[in-house]
Amino acid sequence: MRSDLRKTAGILVADGDDIVRDYLISSLEDAGFSVKPVKDGVEAVLAFIYEADKLDAALLEISLSSLNGLNVLKILKAIDPSFPVLMITGRVDGHKELELISLANGAIGFITKPFQSEKLLELLRNIVDR
């Protein structure tokens with residue numbers, strides 16, 4: 001949904017943990033990204049619907065409230081199959097299964113917390129530069 005007139009890539013960040021979301025906002029903005037932060041799944045879907053022209057990729061936490069990240073992924077992909085989504089989780093148990101499910105449903109990648117901000121930024125740069 002990227003507009004060629006914009007120079008800054010827009011990232012939808014959906015994470016229910018205030019500390020993690022604030023960290024992601026700070027890291028991404030410091031790296032030059034524009035960030036649309038939301039705290040739950042319904043907000044993520046609404047932000048995508050109403051601000052799609054400002055968004056180039058999404059970071060979705062698996063364990064979002066109101067609508068989990070996998071369901072948000074499915075909805076975003078139903079609206080725009082080409083929209084890149086990177087899934088994140090802090091879950092230790094079952095994260096390999098969640099990764100497989102996420103990728104099968106169209107996620108472009110999967111990363112577990114805690115993660116190095118450099119690795120996340122590199123993934124996002126690769127995603128938005130495609």
# chains A, B, ... in the order shown; residues from 1 in each chain; ligands from 1
$ select_by_dssp --residues "stretch 3-103 of chain A" --states "strand (DSSP E or B)" --output "ChimeraX atom specification"
/A:10-14,34-38,40,57-61,65,85-89
$ closest_atom_pairs --of "stretch 8-54 of chain A" --to "stretch 90-107 of chain A" --cutoff "12 Å" --atoms "only C-alpha atoms" --output "Markdown table"
| residue | atom | partner | partner_atom | distance |
| --- | --- | --- | --- | --- |
| A:Asp15 | CA | A:Gly90 | CA | 10.6 |
| A:Gly16 | CA | A:Gly90 | CA | 11.5 |
| A:Asp17 | CA | A:Gly90 | CA | 10.4 |
| A:Val20 | CA | A:Gly90 | CA | 10.2 |
$ closest_residue --among "A:Ile111, A:Phe33, A:Leu46, A:Lys119" --to "A:Leu60" --atoms "only C-alpha atoms"
A:Ile111
$ closest_residue --among "A:Ala78, A:Leu59, A:Leu121, A:Val13" --to "A:Pro37" --atoms "only C-alpha atoms"
A:Val13
$ residues_around --residues "A:Ala52" --least-positions-apart "6" --cutoff "12 Å" --atoms "only C-alpha atoms" --output "ChimeraX atom specification"
/A:1-3,9-12,36,44-46,58,76,79-80,83-84
$ write_last_selection --atoms "N, CA, C and O atoms" --output "JSON list (two decimals), in the first residue's frame"
[["chain", "number", "residue", "atom", "x", "y", "z"],
["A", 1, "MET", "N", 0.81, -1.18, 0.00],
["A", 1, "MET", "CA", 0.00, 0.00, 0.00],
["A", 1, "MET", "C", 0.86, 1.26, 0.00],
["A", 1, "MET", "O", 0.39, 2.31, 0.23],
["A", 2, "ARG", "N", 2.11, 1.09, -0.24],
["A", 2, "ARG", "CA", 3.06, 2.18, -0.17],
["A", 2, "ARG", "C", 2.80, 3.23, -1.23],
["A", 2, "ARG", "O", 2.58, 2.94, -2.38],
["A", 3, "SER", "N", 2.85, 4.44, -0.81],
["A", 3, "SER", "CA", 2.73, 5.56, -1.73],
["A", 3, "SER", "C", 4.13, 5.98, -2.16],
["A", 3, "SER", "O", 5.01, 6.16, -1.34],
["A", 9, "ALA", "N", 8.87, 4.65, 5.45],
["A", 9, "ALA", "CA", 8.03, 3.45, 5.47],
["A", 9, "ALA", "C", 7.17, 3.46, 6.73],
["A", 9, "ALA", "O", 7.64, 3.74, 7.83],
["A", 10, "GLY", "N", 5.90, 3.15, 6.55],
["A", 10, "GLY", "CA", 4.96, 3.11, 7.67],
["A", 10, "GLY", "C", 4.77, 1.69, 8.17],
["A", 10, "GLY", "O", 4.51, 0.78, 7.40],
["A", 11, "ILE", "N", 4.91, 1.53, 9.48],
["A", 11, "ILE", "CA", 4.81, 0.21, 10.11],
["A", 11, "ILE", "C", 3.68, 0.21, 11.13],
["A", 11, "ILE", "O", 3.66, 1.03, 12.04],
["A", 12, "LEU", "N", 2.75, -0.71, 10.96],
["A", 12, "LEU", "CA", 1.70, -0.95, 11.95],
["A", 12, "LEU", "C", 2.29, -1.84, 13.03],
["A", 12, "LEU", "O", 2.79, -2.94, 12.73],
["A", 36, "LYS", "N", 2.56, 3.34, 13.40],
["A", 36, "LYS", "CA", 1.16, 3.41, 13.83],
["A", 36, "LYS", "C", 1.00, 2.35, 14.92],
["A", 36, "LYS", "O", 0.85, 1.16, 14.63],
["A", 44, "ALA", "N", -5.85, -3.00, 15.40],
["A", 44, "ALA", "CA", -4.95, -3.29, 14.28],
["A", 44, "ALA", "C", -5.72, -3.38, 12.97],
["A", 44, "ALA", "O", -5.31, -2.80, 11.96],
["A", 45, "VAL", "N", -6.83, -4.09, 12.98],
["A", 45, "VAL", "CA", -7.64, -4.22, 11.77],
["A", 45, "VAL", "C", -8.19, -2.87, 11.34],
["A", 45, "VAL", "O", -8.13, -2.50, 10.16],
["A", 46, "LEU", "N", -8.70, -2.11, 12.29],
["A", 46, "LEU", "CA", -9.25, -0.79, 11.96],
["A", 46, "LEU", "C", -8.17, 0.15, 11.43],
["A", 46, "LEU", "O", -8.41, 0.89, 10.46],
["A", 58, "ALA", "N", 3.47, -4.70, 8.72],
["A", 58, "ALA", "CA", 2.92, -4.79, 10.08],
["A", 58, "ALA", "C", 3.76, -5.73, 10.92],
["A", 58, "ALA", "O", 4.29, -6.73, 10.44],
["A", 76, "LEU", "N", -6.00, -9.28, 7.51],
["A", 76, "LEU", "CA", -5.17, -8.39, 6.69],
["A", 76, "LEU", "C", -4.87, -9.05, 5.34],
["A", 76, "LEU", "O", -4.91, -8.39, 4.30],
["A", 79, "ILE", "N", -7.81, -8.94, 3.00],
["A", 79, "ILE", "CA", -7.98, -7.61, 2.42],
["A", 79, "ILE", "C", -6.91, -7.34, 1.36],
["A", 79, "ILE", "O", -7.22, -6.83, 0.28],
["A", 80, "ASP", "N", -5.66, -7.66, 1.69],
["A", 80, "ASP", "CA", -4.55, -7.41, 0.77],
["A", 80, "ASP", "C", -3.53, -8.54, 0.89],
["A", 80, "ASP", "O", -2.66, -8.50, 1.77],
["A", 83, "PHE", "N", 0.23, -7.65, 1.35],
["A", 83, "PHE", "CA", 0.71, -6.82, 2.47],
["A", 83, "PHE", "C", 1.63, -7.63, 3.38],
["A", 83, "PHE", "O", 1.25, -8.69, 3.88],
["A", 84, "PRO", "N", 2.87, -7.16, 3.61],
["A", 84, "PRO", "CA", 3.82, -7.92, 4.42],
["A", 84, "PRO", "C", 3.55, -7.80, 5.93],
["A", 84, "PRO", "O", 3.42, -6.70, 6.46]]
$ residues_around --residues "A:Leu67" --least-positions-apart "3" --cutoff "8 Å" --atoms "only C-alpha atoms" --output "ChimeraX atom specification"
/A:40-42,64,71-72
$ atom_distance --atom1 "atom CA of A:Ile108" --atom2 "atom CA of A:Val35"
18.7 Å
$ select_by_dssp --residues "chain A" --states "alpha helix (DSSP H)" --output "ChimeraX atom specification"
/A:18-30,41-51,69-79,95-104,117-128
$ atom_distance --atom1 "atom CA of A:Val128" --atom2 "atom CA of A:Ile62"
21.1 Å
$ atom_distance --atom1 "atom CA of A:Lys39" --atom2 "atom CA of A:Arg130"
27.2 Å
$ closest_residue --among "A:Ser65, A:Ser82, A:Ser26, A:Thr112" --to "A:Val38" --atoms "only C-alpha atoms"
A:Ser65
